[in-house]
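Visitor: Okay, handing you the structure first.
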Amino acid sequence: MKNIIRRSAYACLVFVLATNSVYAQQDTAAVAKINSTYRATPTKVNALVHTKLDVKFDYAKRQLLGAAWVTLQPYAYATDSLTLDAKGMELKTVALVNGKAVQKLKYTYDQEQIHIQLDKKYLPGQSYTLFIEYIAKPDELKSKGSAAITDAKGLYFINPDSTVAGKPVQIWTQGETEASSVWFPTIDKTNQKTTSEISMTVPSKYVTLSNGKLVTQLKNNNGTRTDTWKMDLPHAPYLFMMAVGDFKIYKDKWKDKEVSYYLEPAYAPFSKDIFGKTPEMMTFFSKILNLDYPWNKYSQVVVRDFVSGAMENTTATLHGDYVQRTPKEILDETYGTAESTIAHELFHHWFGNYVTTESWSNLTVNESFANYSEYLWAEHKYGKDVADEHNFVDMSNYLGSEKEALKKLVRFHYHDKEDVFDLVSYQKGGRILHMMRNFLGDDIFYKGMSLYLKQNAFKTGEAHQLRLAMEEVSGKDLNWFFDQWYFNAGHPKLTIDYSWDEVTKTQKVTIKQTQEGMAFTLPIAIDIYAGGQKQRHQVVVKDAVQSFAFKTAGQPDMVNVDADKILLAEKTDNKSMKEYAFQYANAPLYLDRLEAIDAAAKSQKDPEGVKIMLAALKDKFHGLRLSALQKLDLSHPELAKASLPAIKTMALGDSNSRVQAQAITALAYFNNPADLPLFKKGLEGNSYAVQGASLMAIALQQPQDAMVTAKAFEKNSKKALTEAIVNVYSKFGTEKELPFISEKFSTLGTQEQIQLIPAYMNMLGKVNDINAVKTGVDAVKTIGVKYKSYGANAFVTNFLVQLKQQKQSDQASLAYIDAAIAELK
């Protein structure tokens with residue numbers, strides 16, 4: 001599972017700022033109550049063996065008509081009863097299958113679980129099969145989602161009556177965490193595994209997808225078709241899936257296994273652009289894990305209105321529609337936009353599907369590994385700078401939320417299972433694996449992962465089993481590592497100081513751990529640069545205050561603590577700007593250079609700071625060129641003059657479109673009419689980002705020309721160009737442009753909507769139509785409510801308050817805005 005909001009550093013960081021202040025006000029007694037609730041691994045009384053489903057769909061009623069044959073056996077002790085999860089269903093028949101006959105059984109049902117009295121006491125290992133006929137009614141179910149999974153009704157009918165023009169008719173499912181039991185009766189726990197066979201009867205015009213292989217397709221006499229999908233290997237109920245719709249299928253291949261991509265017809269021509277790296281990912285992951293992709297096929301399907309970013313259903317990953325992009329859109333993306341998610345969900349087919357978390361408390365053995373696979377693929381495919389940038393964004397998102405530091409990675413105490421899908425299980429957990437890899441070394445780390453998978457194949461796992469596997473391959477005791485990182489909360493906060501003793505030729509490094517609670521044990525490298533040489537020292541920091549002394553021939557040019565840049569920590573590194581300039585020029589890693597750029601950005605009048613910023617504009621890695629451009633303070637005349645040649649070069653055609661777009665934005669600051677031809681040329685490019693930046697740059701000098709240009713681009717705008725058009729209209733337009741903004745806003749994904757909220761609200765301040773105001777306020781309020789756990793309610797409220805200031809004489813609008821603000825609170 002990967003959440004769509006978590007794909008964006010922008011969204012996380014904006015919302016986290018709001019969330020921290022809210023969390024600080026929480027009732028400590030309520031928090032204590034949550035932490036006192038122990039969440040045990042579910043007891044296995046009966047074990048699932050095989051699940052066979054035969055389902056039809058009532059599109060008008062948004063219901064599923066189902067028949068289930070569930071084969072089970074007592075797990076450890078004899079039993080004459082069974083409890084199945086079945087949420088919000090209408091039960092028609094509950095019976096025992098006895099050959100070709102069925103024997104009705106006594107049961108009670110509370111709309112959550114079916115409590116069944118079996119015909120006799122069954123012994124461990126003795127199988128029996130139940131037949132259950134039922135109607136699933138997901139839209140009548142009152143379900144509760146989470147920050148990562150925003151809804152939990154299991155089965156979703158998308159535009160079933162075709163009332164929304166241009167929107168496809170689809171059906172899809174989402175099982176995690178325990179919502180599969182909304183659409184079929186099962187034991188909906190992670191420590192259950194079952195083979196499966198799912199038959200779906202659908203209108204013949206539609207395509208279906210489910211787990212495993214398509215074994216039969218039968219045409220019926222009523223214009224429908226029955227497709228049967230069979231999964232011969234056991235997997236957890238939350239990984240069951242169905243998708244039905246007008247999809248075009250592109251068939252690829254990995255070794256002798258089918259790899260396929262299901263997309264809406266308009267995006268089918270771009271199947272390889274979107275998903276084409278999948279077979280290469282399968283080869284890479286199979287190699288490092290010394291375990292070939294273990295399932296019989298791999299499919300990926302894109303659906304509308306998905307309640308999360310993506311979901312790793314066994315052999316059939318389901319993606320939200322943000323991954324459907326044209327090559328022009330892909331041109332402007334970061335690695336973290338979609339490709340990282342494709343890697344993430346594929347890696348789950350080892351960590352999560354092949355070996356599944358024993359309980360939600362141990363979610364880390366699913367999600368932390370999937371999160372870290374994003375780093376591994378980026379490093380392999382694009383190099384260390386891209387991977388380290390992705391790593392840094394994830395680490396920053398975790399460190400930016402004070403409340404996350406209070407949570408343990410392995411969490412046996414929580415309010416609701418949905419709560420563990422957070423920045424700790426994902427981003428923090430991935431960074432912990434990064435530290436583990438550095439400590440053990442690549443070969444041993446990969447051997448440990450492989451051993452863990454093979455020892456627990458098609459079963460469940462937890463952090464202790466991971467530790468034992470890593471200890472077995474490394475010969476090292478790792479209790480200390482797991483105790484501090486997996487079973488305790490928080491992270492180090494470090495202050496690093498330096499002193500040089502000329503008499504003794506000794507460089508002293510003092511590291512203070514300033515966080516509350518225990519001191520962390522931190523094996524790190526310290527590199528000392530002196531006399532044109534680099535000398536590495538491996539040390540272990542384990543005390544609250546600890547000093548290290550190193551003999552050198554002369555005073556070092558720079559000391560680089562945590563030289564591999566692997567620590568999950570907040571660091572205050574008390575280097576001089578001269579030392580940071582040396583670090584930028586000589587230390588090799590992305591974070592070495594970023595730390596220097598960040599330090600220089602705070603001291604842009606310092607000659608050494610200027611030196612760093614100018615060098616960073618020509619950095620080999622586009623991500624750091626972009627960072628330098630974004631942080632450049634052009635209000636300093638000397639710096640502006642010195643940087644202008646590099647900015648103009650990048651604006652004319654940097655190899656990365658996002659850098660070129662940012663350079664155009666920077667160039668626009670100079671407000672030079674001589675640059676207008678360059679901006680107008682940018683409108684002709686293949687990048688939405690470059691076109692959008694060019695349009696905004698023109699608007700600063702020629703607003704009316706920009707308005708005309710924006711009109712011409714309306715029908716062929718996406719992403720950054722759409723945002724630019726909306727901003728131009730918001731600043732220079734009238735209410736005549738509101739329909740374009742409202743329509744675009746309603747069709748965009750969450751992240752794009754968030755970016756447009758300021759301009760949308762500003763435009764609403766210009767209109768007198770109360771219905772238009774209500775529509776806009778409702779649209780942003782929905783985002784604020786849906787993503788409240790990220791602090792989105794505070795973010796949206798801020799712009800509603802600004803809208804109020806524009807509407808002081810409009811009492812009807814004021815009342816409606818006030819009501820929305822109250823609801824967001």
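Chain labels A, B, ... are given in the sequence in which chains occur in the structure tokens; within each chain residues are numbered consecutively from 1, and ligands are likewise numbered from 1 in the order shown.
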Going by DSSP on the backbone, which residues of segment 457-539 of chain A come out as helix (DSSP H, G or I)? List them as JSON, numbers by chain.
Guide: {"A": [463, 464, 465, 466, 467, 468, 469, 470, 471, 472, 473, 474, 479, 480, 481, 482, 483, 484, 485]}
Visitor: Any chance you can output those residues with N, CA and C atoms as an mmCIF file, in the first residue's frame?
Guide:
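Output file again36.cif is given in full below:
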data_model
loop_
_atom_site.group_PDB
_atom_site.id
_atom_site.type_symbol
_atom_site.label_atom_id
_atom_site.label_comp_id
_atom_site.auth_asym_id
_atom_site.auth_seq_id
_atom_site.Cartn_x
_atom_site.Cartn_y
_atom_site.Cartn_z
ATOM 1 N N ALA A 463 9.130 -8.854 13.247
ATOM 2 C CA ALA A 463 10.453 -8.251 13.374
ATOM 3 C C ALA A 463 11.462 -9.195 14.005
ATOM 4 N N HIS A 464 11.038 -10.036 14.945
ATOM 5 C CA HIS A 464 11.973 -10.956 15.590
ATOM 6 C C HIS A 464 12.534 -11.950 14.575
ATOM 7 N N GLN A 465 11.696 -12.436 13.661
ATOM 8 C CA GLN A 465 12.188 -13.362 12.649
ATOM 9 C C GLN A 465 13.159 -12.672 11.699
ATOM 10 N N LEU A 466 12.910 -11.405 11.416
ATOM 11 C CA LEU A 466 13.841 -10.637 10.602
ATOM 12 C C LEU A 466 15.180 -10.515 11.321
ATOM 13 N N ARG A 467 15.134 -10.214 12.604
ATOM 14 C CA ARG A 467 16.376 -10.100 13.382
ATOM 15 C C ARG A 467 17.162 -11.408 13.361
ATOM 16 N N LEU A 468 16.481 -12.504 13.593
ATOM 17 C CA LEU A 468 17.165 -13.799 13.634
ATOM 18 C C LEU A 468 17.803 -14.144 12.290
ATOM 19 N N ALA A 469 17.124 -13.807 11.208
ATOM 20 C CA ALA A 469 17.691 -14.063 9.882
ATOM 21 C C ALA A 469 18.938 -13.216 9.659
ATOM 22 N N MET A 470 18.879 -11.930 10.032
ATOM 23 C CA MET A 470 20.027 -11.057 9.853
ATOM 24 C C MET A 470 21.186 -11.481 10.759
ATOM 25 N N GLU A 471 20.879 -11.965 11.951
ATOM 26 C CA GLU A 471 21.929 -12.453 12.843
ATOM 27 C C GLU A 471 22.569 -13.724 12.293
ATOM 28 N N GLU A 472 21.755 -14.607 11.713
ATOM 29 C CA GLU A 472 22.282 -15.865 11.194
ATOM 30 C C GLU A 472 23.275 -15.641 10.055
ATOM 31 N N VAL A 473 22.951 -14.712 9.163
ATOM 32 C CA VAL A 473 23.845 -14.508 8.015
ATOM 33 C C VAL A 473 25.053 -13.647 8.370
ATOM 34 N N SER A 474 24.924 -12.787 9.387
ATOM 35 C CA SER A 474 26.002 -11.855 9.712
ATOM 36 C C SER A 474 26.914 -12.348 10.827
ATOM 37 N N ASN A 479 20.394 -7.491 18.734
ATOM 38 C CA ASN A 479 19.368 -7.095 19.703
ATOM 39 C C ASN A 479 19.400 -5.594 19.963
ATOM 40 N N TRP A 480 20.598 -5.043 20.095
ATOM 41 C CA TRP A 480 20.725 -3.607 20.374
ATOM 42 C C TRP A 480 20.083 -2.776 19.268
ATOM 43 N N PHE A 481 20.273 -3.190 18.012
ATOM 44 C CA PHE A 481 19.728 -2.437 16.889
ATOM 45 C C PHE A 481 18.212 -2.508 16.883
ATOM 46 N N PHE A 482 17.671 -3.703 17.054
ATOM 47 C CA PHE A 482 16.210 -3.857 17.027
ATOM 48 C C PHE A 482 15.561 -3.246 18.255
ATOM 49 N N ASP A 483 16.229 -3.342 19.406
ATOM 50 C CA ASP A 483 15.653 -2.744 20.611
ATOM 51 C C ASP A 483 15.474 -1.238 20.444
ATOM 52 N N GLN A 484 16.473 -0.557 19.894
ATOM 53 C CA GLN A 484 16.381 0.903 19.836
ATOM 54 C C GLN A 484 15.585 1.404 18.637
ATOM 55 N N TRP A 485 15.598 0.660 17.535
ATOM 56 C CA TRP A 485 14.930 1.157 16.339
ATOM 57 C C TRP A 485 13.561 0.542 16.084
#
Visitor: Can you tell me, as an MDAnalysis selection string, what residues are no more than 9 Å from Glu735 of chain A when counting only C-alpha atoms, ignoring any on the same chain fewer than 3 positions away?
Guide: chainID A and resid 729 738:739 763:764 766:768
Visitor: Could you pull the residues within 10 Å of segment 234-240 of chain A, counting only C-alpha atoms, minus those fewer than 3 positions along the same chain, as a VMD selection string?
Guide: chain A and resid 48 to 51 154 173 to 181 184 to 196 198 210 to 212 231 311 to 317 352 to 357 458 to 460
Visitor: Excluding same-chain residues fewer than 4 positions from Phe439 of chain A, what lies within 10 Å of it counting only C-alpha atoms, as a list in words?
Guide: Leu433, His434, Met435, Ile444, Phe445, Leu522, Pro523, Ile524 and Ile566 of chain A
Visitor: Would you put the residues from that selection into a file with C-alpha atoms, as a PDB file, in the first residue's frame?
Guide:
ATOM      1  CA  LEU A 433      16.659  -0.521   6.820  1.00  0.00           C
ATOM      2  CA  HIS A 434      19.055   1.897   5.118  1.00  0.00           C
ATOM      3  CA  MET A 435      21.084   2.079   8.338  1.00  0.00           C
ATOM      4  CA  ILE A 444      25.028  -9.709   4.069  1.00  0.00           C
ATOM      5  CA  PHE A 445      21.972  -7.430   4.076  1.00  0.00           C
ATOM      6  CA  LEU A 522      25.178   4.824  16.355  1.00  0.00           C
ATOM      7  CA  PRO A 523      27.929   3.158  14.318  1.00  0.00           C
ATOM      8  CA  ILE A 524      29.102   5.800  11.847  1.00  0.00           C
ATOM      9  CA  ILE A 566      22.857   7.208   6.671  1.00  0.00           C
TER      10      ILE A 566
END
Visitor: Might you pull out every residue within 7 Å of segment 496-508 of chain A, with only C-alpha atoms counted and same-chain residues fewer than 5 positions away left off, and present them as a list in words?
Guide: Ser547, Phe548, Ala549, Phe550, Lys551, Thr552, Ala553, Gly554, Gln555, Thr572, Asp573 and Asn574 of chain A
Visitor: For the selection just defined, write its residues with all heavy atoms to a file, as a PDB file, in the first residue's frame.
Guide:
ATOM      1  N   SER A 547      33.287  12.315  22.879  1.00  0.00           N
ATOM      2  CA  SER A 547      34.305  12.985  22.083  1.00  0.00           C
ATOM      3  C   SER A 547      35.242  11.968  21.454  1.00  0.00           C
ATOM      4  O   SER A 547      35.525  10.914  22.037  1.00  0.00           O
ATOM      5  CB  SER A 547      35.118  13.963  22.952  1.00  0.00           C
ATOM      6  OG  SER A 547      34.294  15.017  23.410  1.00  0.00           O
ATOM      7  N   PHE A 548      35.723  12.313  20.271  1.00  0.00           N
ATOM      8  CA  PHE A 548      36.678  11.477  19.548  1.00  0.00           C
ATOM      9  C   PHE A 548      37.853  12.354  19.157  1.00  0.00           C
ATOM     10  O   PHE A 548      37.673  13.511  18.740  1.00  0.00           O
ATOM     11  CB  PHE A 548      36.038  10.863  18.298  1.00  0.00           C
ATOM     12  CG  PHE A 548      34.815  10.032  18.579  1.00  0.00           C
ATOM     13  CD1 PHE A 548      33.551  10.611  18.565  1.00  0.00           C
ATOM     14  CD2 PHE A 548      34.930   8.681  18.892  1.00  0.00           C
ATOM     15  CE1 PHE A 548      32.425   9.857  18.823  1.00  0.00           C
ATOM     16  CE2 PHE A 548      33.805   7.916  19.165  1.00  0.00           C
ATOM     17  CZ  PHE A 548      32.548   8.500  19.133  1.00  0.00           C
ATOM     18  N   ALA A 549      39.053  11.823  19.294  1.00  0.00           N
ATOM     19  CA  ALA A 549      40.263  12.579  18.971  1.00  0.00           C
ATOM     20  C   ALA A 549      41.035  11.861  17.879  1.00  0.00           C
ATOM     21  O   ALA A 549      41.215  10.628  17.925  1.00  0.00           O
ATOM     22  CB  ALA A 549      41.134  12.750  20.215  1.00  0.00           C
ATOM     23  N   PHE A 550      41.492  12.625  16.890  1.00  0.00           N
ATOM     24  CA  PHE A 550      42.191  12.043  15.746  1.00  0.00           C
ATOM     25  C   PHE A 550      43.477  12.826  15.498  1.00  0.00           C
ATOM     26  O   PHE A 550      43.466  14.065  15.407  1.00  0.00           O
ATOM     27  CB  PHE A 550      41.310  12.099  14.494  1.00  0.00           C
ATOM     28  CG  PHE A 550      39.940  11.495  14.693  1.00  0.00           C
ATOM     29  CD1 PHE A 550      38.837  12.324  14.907  1.00  0.00           C
ATOM     30  CD2 PHE A 550      39.748  10.120  14.693  1.00  0.00           C
ATOM     31  CE1 PHE A 550      37.573  11.781  15.098  1.00  0.00           C
ATOM     32  CE2 PHE A 550      38.486   9.576  14.884  1.00  0.00           C
ATOM     33  CZ  PHE A 550      37.396  10.405  15.087  1.00  0.00           C
ATOM     34  N   LYS A 551      44.584  12.107  15.392  1.00  0.00           N
ATOM     35  CA  LYS A 551      45.871  12.731  15.098  1.00  0.00           C
ATOM     36  C   LYS A 551      45.990  12.971  13.596  1.00  0.00           C
ATOM     37  O   LYS A 551      45.732  12.071  12.788  1.00  0.00           O
ATOM     38  CB  LYS A 551      47.014  11.815  15.550  1.00  0.00           C
ATOM     39  CG  LYS A 551      47.126  11.641  17.057  1.00  0.00           C
ATOM     40  CD  LYS A 551      47.764  12.852  17.712  1.00  0.00           C
ATOM     41  CE  LYS A 551      48.054  12.590  19.193  1.00  0.00           C
ATOM     42  NZ  LYS A 551      48.705  13.751  19.831  1.00  0.00           N
ATOM     43  N   THR A 552      46.365  14.174  13.218  1.00  0.00           N
ATOM     44  CA  THR A 552      46.593  14.491  11.806  1.00  0.00           C
ATOM     45  C   THR A 552      47.845  15.358  11.694  1.00  0.00           C
ATOM     46  O   THR A 552      48.254  16.004  12.662  1.00  0.00           O
ATOM     47  CB  THR A 552      45.405  15.246  11.181  1.00  0.00           C
ATOM     48  OG1 THR A 552      45.254  16.504  11.826  1.00  0.00           O
ATOM     49  CG2 THR A 552      44.124  14.445  11.299  1.00  0.00           C
ATOM     50  N   ALA A 553      48.454  15.349  10.510  1.00  0.00           N
ATOM     51  CA  ALA A 553      49.680  16.106  10.304  1.00  0.00           C
ATOM     52  C   ALA A 553      49.444  17.609  10.395  1.00  0.00           C
ATOM     53  O   ALA A 553      50.318  18.363  10.836  1.00  0.00           O
ATOM     54  CB  ALA A 553      50.291  15.759   8.944  1.00  0.00           C
ATOM     55  N   GLY A 554      48.283  18.052   9.993  1.00  0.00           N
ATOM     56  CA  GLY A 554      47.955  19.471  10.060  1.00  0.00           C
ATOM     57  C   GLY A 554      46.463  19.640  10.271  1.00  0.00           C
ATOM     58  O   GLY A 554      45.695  18.659  10.237  1.00  0.00           O
ATOM     59  N   GLN A 555      46.055  20.880  10.479  1.00  0.00           N
ATOM     60  CA  GLN A 555      44.638  21.128  10.735  1.00  0.00           C
ATOM     61  C   GLN A 555      43.799  20.692   9.537  1.00  0.00           C
ATOM     62  O   GLN A 555      44.084  21.082   8.403  1.00  0.00           O
ATOM     63  CB  GLN A 555      44.389  22.598  11.031  1.00  0.00           C
ATOM     64  CG  GLN A 555      42.937  22.891  11.394  1.00  0.00           C
ATOM     65  CD  GLN A 555      42.724  24.312  11.875  1.00  0.00           C
ATOM     66  OE1 GLN A 555      43.677  25.104  11.918  1.00  0.00           O
ATOM     67  NE2 GLN A 555      41.502  24.642  12.244  1.00  0.00           N
ATOM     68  N   THR A 572      22.577  19.232  14.182  1.00  0.00           N
ATOM     69  CA  THR A 572      23.106  20.595  14.176  1.00  0.00           C
ATOM     70  C   THR A 572      24.611  20.461  14.053  1.00  0.00           C
ATOM     71  O   THR A 572      25.293  20.074  15.007  1.00  0.00           O
ATOM     72  CB  THR A 572      22.731  21.346  15.464  1.00  0.00           C
ATOM     73  OG1 THR A 572      21.313  21.383  15.595  1.00  0.00           O
ATOM     74  CG2 THR A 572      23.280  22.771  15.427  1.00  0.00           C
ATOM     75  N   ASP A 573      25.137  20.751  12.867  1.00  0.00           N
ATOM     76  CA  ASP A 573      26.554  20.521  12.564  1.00  0.00           C
ATOM     77  C   ASP A 573      27.250  21.874  12.513  1.00  0.00           C
ATOM     78  O   ASP A 573      27.048  22.656  11.585  1.00  0.00           O
ATOM     79  CB  ASP A 573      26.655  19.799  11.215  1.00  0.00           C
ATOM     80  CG  ASP A 573      28.000  19.126  11.022  1.00  0.00           C
ATOM     81  OD1 ASP A 573      28.916  19.414  11.796  1.00  0.00           O
ATOM     82  OD2 ASP A 573      28.116  18.314  10.084  1.00  0.00           O
ATOM     83  N   ASN A 574      28.044  22.157  13.523  1.00  0.00           N
ATOM     84  CA  ASN A 574      28.613  23.495  13.689  1.00  0.00           C
ATOM     85  C   ASN A 574      29.896  23.673  12.882  1.00  0.00           C
ATOM     86  O   ASN A 574      30.985  23.871  13.423  1.00  0.00           O
ATOM     87  CB  ASN A 574      28.839  23.790  15.171  1.00  0.00           C
ATOM     88  CG  ASN A 574      27.519  23.918  15.914  1.00  0.00           C
ATOM     89  OD1 ASN A 574      26.593  24.577  15.425  1.00  0.00           O
ATOM     90  ND2 ASN A 574      27.414  23.291  17.070  1.00  0.00           N
TER      91      ASN A 574
END
Visitor: So the first atom is atom CA of Leu409 of chain A and the second is atom CA of Leu363 of chain A; what is the distance between them in Å, to one decimal place?
Guide: 8.5 Å
Visitor: Using only C-alpha atoms, which residue out of A:Lys786, A:Arg39, A:Lys87, A:Lys493 lies closest to Val410 of chain A?
Guide: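 When distances to Val410 of chain A are compared using only C-alpha atoms, the smallest one comes from A:Arg39.
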Visitor: Would you pick out the contacts of Lys571 of chain A at 12 Å or less, using only C-alpha atoms, so that residues sharing its chain but fewer than 2 positions from it are not included, and give the list as a PyMOL selection string?
Guide: chain A and resi 396+399+491-497+511-515+561-562+565+567-569+573-575+595
Visitor: What is the atom CA of Gly448 of chain A-atom CA of Leu289 of chain A distance in Å, reported with one decimal?
Guide: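 Going from atom CA of Gly448 of chain A over to atom CA of Leu289 of chain A, I get 8.9 Å.
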Visitor: One decimal, in Å: what's the spacing between atom CA of Leu376 of chain A and atom CA of Leu478 of chain A?
Guide: 22.5 Å
Visitor: Compare A:Phe369, A:Gly309, A:Lys2, A:Tyr128 by their minimum atom-to-atom distance to Met436 of chain A, counting only C-alpha atoms, and give me the closest one.
Guide: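 With only C-alpha atoms as the atom set, the closest residue is A:Phe369.
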Visitor: When you count only C-alpha atoms, which of these residues is closest to Ile158 of chain A: A:Tyr59, A:Leu214, A:Lys230, A:Leu105?
Guide: A:Tyr59
Visitor: Each residue of segment 307-390 of chain A lying at most 8 Å from segment 264-280 of chain A should get a row with its shortest atom-to-atom pair and the distance in Å to one decimal, counting only C-alpha atoms; could you produce that, ordered by chain and increasing number, as a Markdown table?
Guide:
| residue | atom | partner | partner_atom | distance |
| --- | --- | --- | --- | --- |
| A:Val323 | CA | A:Ile274 | CA | 7.1 |
| A:Gln324 | CA | A:Tyr267 | CA | 6.4 |
| A:Arg325 | CA | A:Ile274 | CA | 7.1 |
| A:Thr326 | CA | A:Phe270 | CA | 6.4 |
| A:Pro327 | CA | A:Asp273 | CA | 6.6 |
| A:Ile342 | CA | A:Thr278 | CA | 7.6 |
| A:Ala343 | CA | A:Thr278 | CA | 7.7 |
Visitor: Could the residues in this selection be written to a file with N, CA, C and O atoms, as a short mmCIF file (atom, residue, chain, number, x, y, z; two decimals), in the first residue's frame?
Guide:
data_model
loop_
_atom_site.label_atom_id
_atom_site.label_comp_id
_atom_site.auth_asym_id
_atom_site.auth_seq_id
_atom_site.Cartn_x
_atom_site.Cartn_y
_atom_site.Cartn_z
N VAL A 323 -1.33 7.58 -12.02
CA VAL A 323 -0.23 6.99 -12.80
C VAL A 323 -0.52 7.03 -14.30
O VAL A 323 0.38 6.78 -15.12
N GLN A 324 -1.77 7.33 -14.68
CA GLN A 324 -2.09 7.44 -16.11
C GLN A 324 -1.61 8.81 -16.61
O GLN A 324 -2.24 9.83 -16.34
N ARG A 325 -0.50 8.79 -17.35
CA ARG A 325 0.07 10.05 -17.83
C ARG A 325 0.56 9.88 -19.26
O ARG A 325 0.87 8.78 -19.71
N THR A 326 0.64 10.99 -19.94
CA THR A 326 1.21 11.01 -21.27
C THR A 326 2.73 11.19 -21.14
O THR A 326 3.23 11.61 -20.09
N PRO A 327 3.47 10.90 -22.20
CA PRO A 327 4.93 11.14 -22.15
C PRO A 327 5.28 12.59 -21.81
O PRO A 327 6.29 12.84 -21.14
N ILE A 342 5.41 2.16 -8.37
CA ILE A 342 5.42 0.92 -9.15
C ILE A 342 6.43 -0.06 -8.57
O ILE A 342 6.14 -1.26 -8.42
N ALA A 343 7.60 0.45 -8.19
CA ALA A 343 8.60 -0.41 -7.54
C ALA A 343 8.11 -0.90 -6.18
O ALA A 343 8.24 -2.08 -5.83
#
